[in-house]
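Shown below: data_31.cif, with mmCIF, C-alpha atoms.
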data_target
#
loop_
_atom_site.group_PDB
_atom_site.id
_atom_site.type_symbol
_atom_site.label_atom_id
_atom_site.label_comp_id
_atom_site.auth_asym_id
_atom_site.auth_seq_id
_atom_site.Cartn_x
_atom_site.Cartn_y
_atom_site.Cartn_z
ATOM 1 C CA MET H 1057 -5.560 -3.164 -40.922
ATOM 2 C CA GLU H 1058 -1.876 -2.416 -40.607
ATOM 3 C CA PHE H 1059 0.669 -5.134 -40.180
ATOM 4 C CA THR H 1060 1.928 -3.751 -36.838
ATOM 5 C CA GLU H 1061 -1.592 -3.786 -35.381
ATOM 6 C CA LEU H 1062 -2.075 -7.363 -36.488
ATOM 7 C CA ALA H 1063 1.303 -8.302 -35.005
ATOM 8 C CA VAL H 1064 0.397 -6.659 -31.675
ATOM 9 C CA ALA H 1065 -2.892 -8.580 -31.576
ATOM 10 C CA ALA H 1066 -1.140 -11.858 -32.448
ATOM 11 C CA PHE H 1067 1.562 -11.406 -29.817
ATOM 12 C CA ALA H 1068 -1.033 -10.396 -27.204
ATOM 13 C CA VAL H 1069 -2.899 -13.668 -27.740
ATOM 14 C CA LEU H 1070 0.399 -15.577 -27.737
ATOM 15 C CA GLY H 1071 1.374 -13.821 -24.518
ATOM 16 C CA ALA H 1072 -1.929 -14.838 -22.944
ATOM 17 C CA GLY H 1073 -1.107 -18.459 -23.724
ATOM 18 C CA ILE H 1074 2.404 -18.115 -22.313
ATOM 19 C CA ALA H 1075 1.072 -16.408 -19.168
ATOM 20 C CA MET H 1076 -1.142 -19.392 -18.441
ATOM 21 C CA ILE H 1077 1.950 -21.612 -18.088
ATOM 22 C CA ALA H 1078 1.788 -20.256 -14.529
ATOM 23 C CA GLY H 1079 -1.090 -22.721 -14.086
ATOM 24 C CA LEU H 1080 1.599 -25.353 -13.469
ATOM 25 C CA GLY H 1081 2.612 -23.855 -10.124
ATOM 26 C CA PRO H 1082 -0.755 -23.807 -8.340
ATOM 27 C CA GLY H 1083 -1.475 -27.283 -9.712
ATOM 28 C CA ILE H 1084 1.664 -28.704 -8.131
ATOM 29 C CA GLY H 1085 1.136 -26.721 -4.925
ATOM 30 C CA GLN H 1086 -2.506 -27.665 -4.477
ATOM 31 C CA GLY H 1087 -1.815 -31.303 -5.271
ATOM 32 C CA TYR H 1088 0.979 -31.386 -2.726
ATOM 33 C CA ALA H 1089 -1.242 -29.757 -0.086
ATOM 34 C CA ALA H 1090 -4.049 -32.233 -0.833
ATOM 35 C CA GLY H 1091 -1.625 -35.183 -0.583
ATOM 36 C CA LYS H 1092 -0.307 -33.969 2.757
ATOM 37 C CA GLY H 1093 -3.891 -33.412 3.904
ATOM 38 C CA VAL H 1094 -4.755 -37.024 3.061
ATOM 39 C CA GLU H 1095 -1.678 -38.196 4.980
ATOM 40 C CA ALA H 1096 -2.684 -36.100 7.983
ATOM 41 C CA VAL H 1097 -6.253 -37.444 7.934
ATOM 42 C CA GLY H 1098 -4.862 -40.981 7.688
ATOM 43 C CA ARG H 1099 -2.714 -40.375 10.743
ATOM 44 C CA GLN H 1100 -5.332 -38.471 12.764
ATOM 45 C CA PRO H 1101 -8.847 -39.231 11.494
ATOM 46 C CA GLU H 1102 -10.431 -37.423 14.458
ATOM 47 C CA ALA H 1103 -8.920 -34.052 13.379
ATOM 48 C CA ARG H 1104 -10.482 -34.328 9.912
ATOM 49 C CA GLY H 1105 -12.498 -31.099 10.072
ATOM 50 C CA SER H 1106 -9.697 -28.758 11.044
ATOM 51 C CA ILE H 1107 -7.264 -30.443 8.625
ATOM 52 C CA ILE H 1108 -9.640 -29.906 5.702
ATOM 53 C CA THR H 1109 -10.196 -26.258 6.690
ATOM 54 C CA THR H 1110 -6.463 -25.578 6.945
ATOM 55 C CA MET H 1111 -5.786 -27.425 3.695
ATOM 56 C CA ILE H 1112 -8.404 -25.422 1.760
ATOM 57 C CA LEU H 1113 -7.028 -22.173 3.191
ATOM 58 C CA GLY H 1114 -3.492 -23.117 2.119
ATOM 59 C CA GLN H 1115 -4.699 -24.156 -1.317
ATOM 60 C CA ALA H 1116 -6.506 -20.844 -1.739
ATOM 61 C CA VAL H 1117 -3.277 -18.983 -0.980
ATOM 62 C CA ALA H 1118 -1.312 -21.263 -3.347
ATOM 63 C CA GLU H 1119 -3.866 -20.556 -6.055
ATOM 64 C CA THR H 1120 -3.139 -16.808 -6.033
ATOM 65 C CA THR H 1121 -0.294 -16.903 -8.596
ATOM 66 C CA GLY H 1122 -2.461 -18.872 -11.003
ATOM 67 C CA ILE H 1123 -5.236 -16.330 -10.615
ATOM 68 C CA TYR H 1124 -2.804 -13.479 -11.318
ATOM 69 C CA ALA H 1125 -1.743 -15.274 -14.508
ATOM 70 C CA PHE H 1126 -5.381 -15.668 -15.494
ATOM 71 C CA VAL H 1127 -6.084 -11.973 -14.926
ATOM 72 C CA ILE H 1128 -3.049 -11.024 -17.055
ATOM 73 C CA ALA H 1129 -4.068 -13.455 -19.804
ATOM 74 C CA PHE H 1130 -7.565 -12.009 -19.728
ATOM 75 C CA ILE H 1131 -6.258 -8.445 -20.056
ATOM 76 C CA LEU H 1132 -4.087 -9.530 -23.024
ATOM 77 C CA ILE H 1133 -7.040 -11.192 -24.755
ATOM 78 C CA GLY H 1134 -8.981 -7.980 -24.141
ATOM 79 C CA VAL H 1135 -6.180 -6.030 -25.873
ATOM 80 C CA ALA H 1136 -6.267 -8.348 -28.875
ATOM 81 C CA ASN H 1137 -10.061 -8.154 -28.992
ATOM 82 C CA GLY H 1138 -9.896 -4.364 -28.914
ATOM 83 C CA ILE H 1139 -7.521 -4.253 -31.892
ATOM 84 C CA LEU H 1140 -9.376 -6.818 -33.997
ATOM 85 C CA GLY H 1141 -12.700 -5.153 -33.195
ATOM 86 C CA MET A 451 -17.157 -15.609 -24.050
ATOM 87 C CA GLU A 452 -17.937 -12.339 -25.829
ATOM 88 C CA LYS A 453 -19.993 -11.229 -22.838
ATOM 89 C CA ALA A 454 -17.213 -12.122 -20.439
ATOM 90 C CA LEU A 455 -14.672 -10.148 -22.466
ATOM 91 C CA GLN A 456 -16.826 -7.039 -22.636
ATOM 92 C CA GLY A 457 -17.606 -7.111 -18.932
ATOM 93 C CA PRO A 458 -20.835 -5.853 -17.392
ATOM 94 C CA SER A 459 -22.943 -3.818 -19.801
ATOM 95 C CA VAL A 460 -24.663 -0.540 -18.940
ATOM 96 C CA VAL A 461 -28.364 -1.146 -18.286
ATOM 97 C CA PHE A 462 -29.679 2.413 -17.849
ATOM 98 C CA GLU A 463 -28.620 5.843 -16.682
ATOM 99 C CA ILE A 464 -29.718 7.948 -13.720
ATOM 100 C CA PHE A 465 -28.953 11.684 -14.139
ATOM 101 C CA GLY A 466 -26.155 10.793 -16.536
ATOM 102 C CA ILE A 467 -24.583 8.250 -14.157
ATOM 103 C CA PRO A 468 -24.355 4.908 -15.972
ATOM 104 C CA ILE A 469 -25.770 1.991 -13.949
ATOM 105 C CA ASN A 470 -24.180 -1.233 -15.123
ATOM 106 C CA GLU A 471 -25.115 -4.832 -14.384
ATOM 107 C CA THR A 472 -22.716 -5.041 -11.436
ATOM 108 C CA ILE A 473 -24.471 -2.252 -9.552
ATOM 109 C CA LEU A 474 -27.952 -3.435 -10.526
ATOM 110 C CA ASN A 475 -27.254 -7.015 -9.415
ATOM 111 C CA THR A 476 -25.674 -5.777 -6.185
ATOM 112 C CA TRP A 477 -28.906 -3.863 -5.528
ATOM 113 C CA ILE A 478 -30.970 -6.983 -6.286
ATOM 114 C CA ILE A 479 -28.863 -9.073 -3.892
ATOM 115 C CA MET A 480 -29.060 -6.375 -1.210
ATOM 116 C CA ALA A 481 -32.844 -6.249 -1.597
ATOM 117 C CA ILE A 482 -33.113 -10.031 -1.314
ATOM 118 C CA ILE A 483 -30.914 -10.169 1.799
ATOM 119 C CA ILE A 484 -32.686 -7.235 3.502
ATOM 120 C CA LEU A 485 -36.124 -8.605 2.652
ATOM 121 C CA ALA A 486 -35.188 -12.111 3.863
ATOM 122 C CA ALA A 487 -33.715 -10.725 7.081
ATOM 123 C CA TYR A 488 -36.860 -8.640 7.693
ATOM 124 C CA LEU A 489 -39.326 -11.442 6.903
ATOM 125 C CA ILE A 490 -37.473 -14.030 8.984
ATOM 126 C CA SER A 491 -36.846 -11.843 12.017
ATOM 127 C CA ARG A 492 -40.291 -10.182 11.982
ATOM 128 C CA ASN A 493 -42.039 -12.469 14.440
ATOM 129 C CA PHE A 494 -39.402 -14.030 16.656
ATOM 130 C CA ASP A 495 -40.535 -15.933 19.725
ATOM 131 C CA ARG A 496 -38.831 -16.989 22.881
ATOM 132 C CA ILE A 497 -39.476 -20.579 21.859
ATOM 133 C CA PRO A 498 -38.067 -20.998 18.327
ATOM 134 C CA LYS A 499 -40.093 -22.742 15.630
ATOM 135 C CA GLY A 500 -39.959 -23.102 11.864
ATOM 136 C CA THR A 501 -37.814 -20.530 10.092
ATOM 137 C CA GLN A 502 -36.560 -19.135 13.391
ATOM 138 C CA ASN A 503 -34.778 -22.453 14.011
ATOM 139 C CA VAL A 504 -32.980 -22.139 10.677
ATOM 140 C CA ALA A 505 -32.045 -18.501 11.309
ATOM 141 C CA GLU A 506 -30.731 -19.309 14.763
ATOM 142 C CA ALA A 507 -28.740 -22.258 13.419
ATOM 143 C CA ILE A 508 -27.135 -19.997 10.766
ATOM 144 C CA VAL A 509 -26.264 -17.260 13.277
ATOM 145 C CA GLU A 510 -24.920 -19.796 15.756
ATOM 146 C CA SER A 511 -22.748 -21.551 13.175
ATOM 147 C CA LEU A 512 -21.380 -18.163 12.013
ATOM 148 C CA ASN A 513 -20.537 -17.268 15.614
ATOM 149 C CA ASP A 514 -18.853 -20.646 16.167
ATOM 150 C CA PHE A 515 -16.956 -20.320 12.874
ATOM 151 C CA THR A 516 -15.632 -16.886 13.864
ATOM 152 C CA VAL A 517 -14.622 -17.991 17.346
ATOM 153 C CA SER A 518 -12.914 -21.158 16.070
ATOM 154 C CA THR A 519 -10.913 -19.150 13.492
ATOM 155 C CA MET A 520 -10.017 -16.053 15.496
ATOM 156 C CA GLY A 521 -9.858 -17.470 19.007
ATOM 157 C CA LYS A 522 -11.833 -16.689 22.142
ATOM 158 C CA GLY A 523 -13.241 -13.209 22.704
ATOM 159 C CA SER A 524 -13.788 -12.485 19.014
ATOM 160 C CA ARG A 525 -17.585 -12.712 18.914
ATOM 161 C CA TRP A 526 -17.651 -8.988 18.024
ATOM 162 C CA PHE A 527 -16.296 -9.819 14.571
ATOM 163 C CA ALA A 528 -19.043 -12.346 13.744
ATOM 164 C CA PRO A 529 -21.651 -9.815 12.427
ATOM 165 C CA TYR A 530 -19.227 -8.343 9.870
ATOM 166 C CA ALA A 531 -17.854 -11.749 8.869
ATOM 167 C CA GLY A 532 -21.358 -13.171 8.513
ATOM 168 C CA THR A 533 -22.511 -10.219 6.434
ATOM 169 C CA ILE A 534 -19.676 -10.428 3.911
ATOM 170 C CA LEU A 535 -19.967 -14.234 3.821
ATOM 171 C CA ILE A 536 -23.681 -14.076 2.966
ATOM 172 C CA PHE A 537 -23.249 -11.194 0.515
ATOM 173 C CA ILE A 538 -20.340 -12.818 -1.364
ATOM 174 C CA PHE A 539 -22.158 -16.154 -1.388
ATOM 175 C CA PHE A 540 -25.243 -14.649 -3.025
ATOM 176 C CA ALA A 541 -23.078 -12.614 -5.393
ATOM 177 C CA ASN A 542 -21.115 -15.702 -6.458
ATOM 178 C CA ILE A 543 -24.126 -17.929 -7.113
ATOM 179 C CA SER A 544 -26.038 -15.224 -9.010
ATOM 180 C CA GLY A 545 -24.581 -16.768 -12.186
ATOM 181 C CA LEU A 546 -27.076 -19.590 -11.602
ATOM 182 C CA PHE A 547 -29.926 -17.129 -12.062
ATOM 183 C CA ALA A 548 -28.539 -15.801 -15.371
ATOM 184 C CA LEU A 549 -27.293 -12.621 -13.686
ATOM 185 C CA TRP A 550 -23.800 -11.211 -14.090
ATOM 186 C CA PRO A 551 -22.055 -12.035 -10.772
ATOM 187 C CA PRO A 552 -21.103 -8.715 -9.089
ATOM 188 C CA THR A 553 -17.947 -10.402 -7.791
ATOM 189 C CA ALA A 554 -16.758 -10.903 -11.392
ATOM 190 C CA ASP A 555 -16.007 -7.171 -11.382
ATOM 191 C CA THR A 556 -12.917 -5.665 -9.770
ATOM 192 C CA SER A 557 -14.981 -2.767 -8.383
ATOM 193 C CA THR A 558 -16.878 -5.061 -6.013
ATOM 194 C CA THR A 559 -14.009 -7.315 -4.991
ATOM 195 C CA LEU A 560 -11.477 -4.536 -4.479
ATOM 196 C CA GLY A 561 -14.099 -2.567 -2.549
ATOM 197 C CA LEU A 562 -14.551 -5.486 -0.181
ATOM 198 C CA ALA A 563 -10.779 -5.956 0.006
ATOM 199 C CA ILE A 564 -10.258 -2.290 0.918
ATOM 200 C CA MET A 565 -12.780 -2.706 3.739
ATOM 201 C CA THR A 566 -10.713 -5.643 4.974
ATOM 202 C CA PHE A 567 -7.527 -3.578 4.642
ATOM 203 C CA PHE A 568 -8.887 -0.785 6.844
ATOM 204 C CA LEU A 569 -10.182 -3.319 9.363
ATOM 205 C CA ILE A 570 -6.709 -4.875 9.555
ATOM 206 C CA GLN A 571 -4.939 -1.531 10.040
ATOM 207 C CA PHE A 572 -7.537 -0.139 12.459
ATOM 208 C CA ASN A 573 -7.528 -3.219 14.661
ATOM 209 C CA GLY A 574 -3.744 -3.387 14.506
ATOM 210 C CA ILE A 575 -3.454 0.190 15.775
ATOM 211 C CA LYS A 576 -6.214 -0.323 18.341
ATOM 212 C CA SER A 577 -4.707 -3.412 19.952
ATOM 213 C CA LYS A 578 -1.005 -2.515 19.702
ATOM 214 C CA GLY A 579 -1.128 1.232 20.183
ATOM 215 C CA ILE A 580 0.030 3.730 17.565
ATOM 216 C CA PHE A 581 3.679 3.671 18.691
ATOM 217 C CA ASN A 582 4.061 -0.098 18.556
ATOM 218 C CA TYR A 583 2.167 -0.229 15.268
ATOM 219 C CA ILE A 584 4.583 2.189 13.580
ATOM 220 C CA LYS A 585 7.506 0.439 15.217
ATOM 221 C CA GLY A 586 6.264 -2.898 13.866
ATOM 222 C CA ILE A 587 6.362 -1.495 10.327
ATOM 223 C CA VAL A 588 9.533 0.608 10.462
ATOM 224 C CA TRP A 589 11.695 -1.140 13.036
ATOM 225 C CA GLU A 590 11.103 -4.879 12.508
ATOM 226 C CA PRO A 591 12.756 -7.273 11.793
ATOM 227 C CA ILE A 592 15.679 -5.015 10.724
ATOM 228 C CA PRO A 593 15.431 -1.262 11.437
ATOM 229 C CA ILE A 594 14.659 1.080 8.476
ATOM 230 C CA ILE A 595 15.865 -1.357 5.756
ATOM 231 C CA PHE A 596 12.736 -3.508 5.990
ATOM 232 C CA ALA A 597 10.258 -0.591 6.113
ATOM 233 C CA PRO A 598 9.499 -0.517 2.357
ATOM 234 C CA MET A 599 8.991 -4.288 2.281
ATOM 235 C CA ASN A 600 6.652 -4.176 5.264
ATOM 236 C CA ILE A 601 4.612 -1.416 3.629
ATOM 237 C CA ILE A 602 4.445 -3.319 0.323
ATOM 238 C CA SER A 603 3.383 -6.511 2.081
ATOM 239 C CA GLU A 604 0.635 -4.587 3.895
ATOM 240 C CA LEU A 605 -0.585 -3.120 0.603
ATOM 241 C CA ALA A 606 -0.351 -6.455 -1.226
ATOM 242 C CA THR A 607 -2.846 -8.076 1.145
ATOM 243 C CA PRO A 608 -6.008 -6.356 -0.178
ATOM 244 C CA VAL A 609 -4.790 -6.648 -3.789
ATOM 245 C CA SER A 610 -4.311 -10.403 -3.533
ATOM 246 C CA LEU A 611 -7.612 -10.816 -1.634
ATOM 247 C CA GLY A 612 -9.551 -8.832 -4.209
ATOM 248 C CA PHE A 613 -7.987 -10.405 -7.278
ATOM 249 C CA ARG A 614 -8.345 -13.935 -5.906
ATOM 250 C CA LEU A 615 -12.118 -13.582 -5.646
ATOM 251 C CA PHE A 616 -12.364 -11.665 -8.934
ATOM 252 C CA GLY A 617 -10.205 -14.138 -10.853
ATOM 253 C CA ASN A 618 -11.971 -17.224 -9.567
ATOM 254 C CA ILE A 619 -15.463 -15.983 -10.359
ATOM 255 C CA LEU A 620 -14.474 -14.456 -13.717
ATOM 256 C CA ALA A 621 -12.777 -17.738 -14.669
ATOM 257 C CA GLY A 622 -16.079 -19.492 -13.975
ATOM 258 C CA VAL A 623 -17.980 -16.965 -16.101
ATOM 259 C CA VAL A 624 -15.485 -17.294 -18.997
ATOM 260 C CA VAL A 625 -15.461 -21.105 -18.972
ATOM 261 C CA MET A 626 -19.253 -21.271 -18.743
ATOM 262 C CA GLY A 627 -19.529 -18.777 -21.630
ATOM 263 C CA MET A 628 -17.215 -20.935 -23.769
ATOM 264 C CA ILE A 629 -19.211 -24.096 -22.984
ATOM 265 C CA TYR A 630 -22.507 -22.347 -23.746
ATOM 266 C CA SER A 631 -21.174 -21.248 -27.123
ATOM 267 C CA VAL A 632 -20.259 -24.877 -27.990
ATOM 268 C CA VAL A 633 -23.002 -27.017 -26.335
ATOM 269 C CA PRO A 634 -25.916 -24.903 -25.128
ATOM 270 C CA ILE A 635 -28.055 -27.808 -23.854
ATOM 271 C CA GLY A 636 -27.474 -30.441 -21.165
ATOM 272 C CA ILE A 637 -23.706 -30.342 -20.619
ATOM 273 C CA PRO A 638 -23.614 -26.938 -18.810
ATOM 274 C CA VAL A 639 -25.903 -28.177 -15.998
ATOM 275 C CA PRO A 640 -23.380 -30.269 -14.005
ATOM 276 C CA LEU A 641 -20.672 -27.692 -14.759
ATOM 277 C CA HIS A 642 -22.841 -24.977 -13.196
ATOM 278 C CA ILE A 643 -22.734 -27.001 -9.974
ATOM 279 C CA TYR A 644 -18.946 -26.872 -9.996
ATOM 280 C CA PHE A 645 -18.235 -23.364 -11.311
ATOM 281 C CA ASP A 646 -21.072 -21.475 -9.648
ATOM 282 C CA LEU A 647 -22.110 -23.456 -6.590
ATOM 283 C CA PHE A 648 -18.875 -25.159 -5.481
ATOM 284 C CA ALA A 649 -16.435 -22.388 -6.408
ATOM 285 C CA GLY A 650 -18.884 -19.759 -5.173
ATOM 286 C CA VAL A 651 -19.322 -21.311 -1.736
ATOM 287 C CA LEU A 652 -15.589 -22.029 -1.445
ATOM 288 C CA GLN A 653 -14.492 -18.542 -2.478
ATOM 289 C CA SER A 654 -16.952 -16.737 -0.193
ATOM 290 C CA PHE A 655 -15.776 -18.989 2.639
ATOM 291 C CA ILE A 656 -12.106 -18.324 1.820
ATOM 292 C CA PHE A 657 -12.541 -14.557 1.548
ATOM 293 C CA THR A 658 -14.244 -14.412 4.951
ATOM 294 C CA MET A 659 -11.747 -16.755 6.526
ATOM 295 C CA LEU A 660 -8.721 -14.875 5.193
ATOM 296 C CA THR A 661 -10.240 -11.601 6.431
ATOM 297 C CA MET A 662 -10.610 -13.120 9.890
ATOM 298 C CA VAL A 663 -7.095 -14.590 9.843
ATOM 299 C CA PHE A 664 -5.527 -11.277 8.765
ATOM 300 C CA VAL A 665 -7.449 -9.276 11.364
ATOM 301 C CA SER A 666 -6.575 -11.658 14.179
ATOM 302 C CA MET A 667 -2.932 -11.704 13.003
ATOM 303 C CA ALA A 668 -2.837 -7.896 13.111
ATOM 304 C CA MET A 669 -4.281 -7.938 16.618
ATOM 305 C CA GLU A 670 -1.674 -10.302 18.031
ATOM 306 C CA THR A 671 0.530 -8.646 20.617
ATOM 307 C CA GLU A 672 3.790 -10.182 21.697
#
Full structure transcribed into structure tokens:
Amino acid sequence: MEFTELAVAAFAVLGAGIAMIAGLGPGIGQGYAAGKGVEAVGRQPEARGSIITTMILGQAVAETTGIYAFVIAFILIGVANGILG
Amino acid sequence: MEKALQGPSVVFEIFGIPINETILNTWIIMAIIILAAYLISRNFDRIPKGTQNVAEAIVESLNDFTVSTMGKGSRWFAPYAGTILIFIFFANISGLFALWPPTADTSTTLGLAIMTFFLIQFNGIKSKGIFNYIKGIVWEPIPIIFAPMNIISELATPVSLGFRLFGNILAGVVVMGMIYSVVPIGIPVPLHIYFDLFAGVLQSFIFTMLTMVFVSMAMETE
């Protein structure tokens, strides 16, 4: 195996790791949404159902960037796997 | 892990067309849903009993869910929403039955997302009229300058919908594959509950709900 091929594989795997730093964002966002949801339920316990539904919807949208990062990381690992056979 | 990286493998070929696990499992799920729908609805009575009670409860809760999300007068959307909810639910939990989840393949998820995209555009045109629809894209909020951004945001909707479902389910498959390669006995059982059952139910629910929200947003007239 040539050195350049090996380097491409190594940097692809490294890039996958760096891409997953994006996991920070959704974590913060979902945690914030959950905290606000708890506050809202504490203030208005009777509206619990609709608050949970809205919170989960917002968290799903916040999660999108993390999922994009995961897809990119997965593609990069696929590249490395293809080179290393 | 290896399996997850390779994606669905080709099972057999019909007239040179490769049939992979995604298509085969989609067929299996379709057969199960059609068979269940036929067997349950075969002998319906005026007075419900047994399985008919369950079926009616499911249909009623789907109708209520649609109306509560999209507002009054949106019962017409409940059959489509219910169908994709049930299909995605079965597709997501098929990992429990050692099948490759069809939703862990971009073909399935982007196909569903494109259906949503056309529903959004069609209902937007239908409720606003073709002139107002084009005006909404080209002329708002700033004339001409915002047209490319509006078009991109319309096109980004199905992409983000499709990749959200795909990414979530594939992440479950990858993590479960890693755990199986380390500890094949015992430990994976509770994790299946989270990655297949919990994430599966949640993602099917979210996909349906976002579809309904986008369609009702497109139908809003000022």
Expansion of the PyMOL selection byres ((chain A) within 7 of (chain H)) into residues, as a CSV table (one decimal) with C-alpha atoms, in the frame of the given file:
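out08.csv written:
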chain,number,residue,atom,x,y,z
A,455,LEU,CA,-14.7,-10.1,-22.5
A,610,SER,CA,-4.3,-10.4,-3.5
A,614,ARG,CA,-8.3,-13.9,-5.9
A,617,GLY,CA,-10.2,-14.1,-10.9
A,618,ASN,CA,-12.0,-17.2,-9.6
A,656,ILE,CA,-12.1,-18.3,1.8
Evaluate the PyMOL selection byres ((chain H and resi 1081) around 10) here and jot the selected residues down as a list in words.
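So the PyMOL selection byres ((chain H and resi 1081) around 10) ends up selecting Ile1077, Ala1078, Gly1079, Leu1080, Pro1082, Gly1083, Ile1084, Gly1085, Gln1086, Gly1087, Ala1118, Glu1119, Thr1120, Thr1121 and Gly1122 of chain H.
Counting from CA of Phe648 in chain A, the distance to CA of Thr519 in chain A is 21.4 Å.
Put simply, CA of Phe572 in chain A is 9.2 Å away from CA of Val665 in chain A.
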Contacts of Gln571 in chain A at 12 Å (only C-alpha atoms; same-chain gap of 2+ positions) as a ChimeraX atom specification:
/A:564-569,573-580,583-584,586-587,601,604-605,607-608,661,664-669
Could you tell me how far CA of Leu560 in chain A lies from CA of Phe616 in chain A, in Å and to one decimal?
8.5 Å
Go through A:Gly457, A:Phe657, A:Val663, A:Val588 one by one, measure the shortest atom-to-atom distance of each to Gly532 in chain A using all atoms listed in the file, and give the residue with the smallest value.
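Counting all atoms listed in the file, the residue closest to Gly532 in chain A is A:Phe657.
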Report as lines of an AutoDock Vina configuration file the centre and the edge lengths, in Å to one decimal, of the axis-aligned box holding every listed atom of range 471-474 of chain A, padded by 5 Å on each side.
center_x = -25.3
center_y = -3.6
center_z = -12.0
size_x = 15.2
size_y = 12.8
size_z = 14.8
At a cut-off of 12 Å, using all atoms listed in the file, what residues contact Glu1095 in chain H? Leave out same-chain residues fewer than 4 positions from it and give the result as a list in words.
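Contacts, with the query itself left out: Tyr1088, Ala1089, Ala1090, Gly1091, Arg1099, Gln1100, Pro1101, Ala1103, Arg1104, Ile1107, Ile1108 and Met1111 of chain H.
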For each of H:Gly1105, H:Leu1132, H:Gly1093, H:Thr1060, take the minimum atom-to-atom distance to Gly1073 in chain H, counting all atoms listed in the file, then give the residue where this is smallest.
H:Leu1132
Run the PyMOL selection byres ((chain A and resi 536) around 12) against the file shown and list the residues it catches, as an MDAnalysis selection string.
chainID A and resid 479:480 482:484 486:487 508:509 512 528:535 537:543 650:651 653:655 657:658
Selected residues written out with C-alpha atoms, as a PDB file, in the coordinates of the input:
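Final output, result.pdb:
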ATOM      1  CA  ILE A 479     -28.863  -9.073  -3.892  1.00  0.00           C
ATOM      2  CA  MET A 480     -29.060  -6.375  -1.210  1.00  0.00           C
ATOM      3  CA  ILE A 482     -33.113 -10.031  -1.314  1.00  0.00           C
ATOM      4  CA  ILE A 483     -30.914 -10.169   1.799  1.00  0.00           C
ATOM      5  CA  ILE A 484     -32.686  -7.235   3.502  1.00  0.00           C
ATOM      6  CA  ALA A 486     -35.188 -12.111   3.863  1.00  0.00           C
ATOM      7  CA  ALA A 487     -33.715 -10.725   7.081  1.00  0.00           C
ATOM      8  CA  ILE A 508     -27.135 -19.997  10.766  1.00  0.00           C
ATOM      9  CA  VAL A 509     -26.264 -17.260  13.277  1.00  0.00           C
ATOM     10  CA  LEU A 512     -21.380 -18.163  12.013  1.00  0.00           C
ATOM     11  CA  ALA A 528     -19.043 -12.346  13.744  1.00  0.00           C
ATOM     12  CA  PRO A 529     -21.651  -9.815  12.427  1.00  0.00           C
ATOM     13  CA  TYR A 530     -19.227  -8.343   9.870  1.00  0.00           C
ATOM     14  CA  ALA A 531     -17.854 -11.749   8.869  1.00  0.00           C
ATOM     15  CA  GLY A 532     -21.358 -13.171   8.513  1.00  0.00           C
ATOM     16  CA  THR A 533     -22.511 -10.219   6.434  1.00  0.00           C
ATOM     17  CA  ILE A 534     -19.676 -10.428   3.911  1.00  0.00           C
ATOM     18  CA  LEU A 535     -19.967 -14.234   3.821  1.00  0.00           C
ATOM     19  CA  PHE A 537     -23.249 -11.194   0.515  1.00  0.00           C
ATOM     20  CA  ILE A 538     -20.340 -12.818  -1.364  1.00  0.00           C
ATOM     21  CA  PHE A 539     -22.158 -16.154  -1.388  1.00  0.00           C
ATOM     22  CA  PHE A 540     -25.243 -14.649  -3.025  1.00  0.00           C
ATOM     23  CA  ALA A 541     -23.078 -12.614  -5.393  1.00  0.00           C
ATOM     24  CA  ASN A 542     -21.115 -15.702  -6.458  1.00  0.00           C
ATOM     25  CA  ILE A 543     -24.126 -17.929  -7.113  1.00  0.00           C
ATOM     26  CA  GLY A 650     -18.884 -19.759  -5.173  1.00  0.00           C
ATOM     27  CA  VAL A 651     -19.322 -21.311  -1.736  1.00  0.00           C
ATOM     28  CA  GLN A 653     -14.492 -18.542  -2.478  1.00  0.00           C
ATOM     29  CA  SER A 654     -16.952 -16.737  -0.193  1.00  0.00           C
ATOM     30  CA  PHE A 655     -15.776 -18.989   2.639  1.00  0.00           C
ATOM     31  CA  PHE A 657     -12.541 -14.557   1.548  1.00  0.00           C
ATOM     32  CA  THR A 658     -14.244 -14.412   4.951  1.00  0.00           C
TER      33      THR A 658
END
Nearby residues (all atoms listed in the file) at most 9 Å from range 461-478 of chain A, same-chain spacing under 4 positions excluded, as number ranges by chain:
A: 482-483, 537, 541, 544, 549-555, 557-558
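Using only C-alpha atoms for every distance, the candidate list A:Ala505, A:Val609, A:Ala597, A:Val624 yields A:Ala505 as the residue closest to Tyr488 in chain A.
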May I ask which of the residues H:Val1097, H:Ala1136, H:Glu1102, H:Lys1092 is the closest one to Leu1070 in chain H, counting all atoms listed in the file?
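That would be H:Ala1136, the residue with the smallest distance to Leu1070 in chain H.
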Pick the closest to Val1135 in chain H from H:Ala1063, H:Val1069, H:Val1094, H:Met1057: which is it, counting all atoms listed in the file?
H:Val1069
Completed range 1106-1110 of chain H (N, CA and C atoms) as a PDB file, in the frame of the given file:
ATOM      1  N   SER H1106     -10.655 -29.871  11.025  1.00  0.00           N
ATOM      2  CA  SER H1106      -9.697 -28.758  11.044  1.00  0.00           C
ATOM      3  C   SER H1106      -8.621 -28.952   9.987  1.00  0.00           C
ATOM      4  N   ILE H1107      -8.271 -30.205   9.671  1.00  0.00           N
ATOM      5  CA  ILE H1107      -7.264 -30.443   8.625  1.00  0.00           C
ATOM      6  C   ILE H1107      -7.795 -29.975   7.282  1.00  0.00           C
ATOM      7  N   ILE H1108      -9.057 -30.314   6.995  1.00  0.00           N
ATOM      8  CA  ILE H1108      -9.640 -29.906   5.702  1.00  0.00           C
ATOM      9  C   ILE H1108      -9.707 -28.391   5.613  1.00  0.00           C
ATOM     10  N   THR H1109     -10.109 -27.723   6.709  1.00  0.00           N
ATOM     11  CA  THR H1109     -10.196 -26.258   6.690  1.00  0.00           C
ATOM     12  C   THR H1109      -8.833 -25.639   6.415  1.00  0.00           C
ATOM     13  N   THR H1110      -7.807 -26.113   7.140  1.00  0.00           N
ATOM     14  CA  THR H1110      -6.463 -25.578   6.945  1.00  0.00           C
ATOM     15  C   THR H1110      -5.960 -25.851   5.537  1.00  0.00           C
TER      16      THR H1110
END
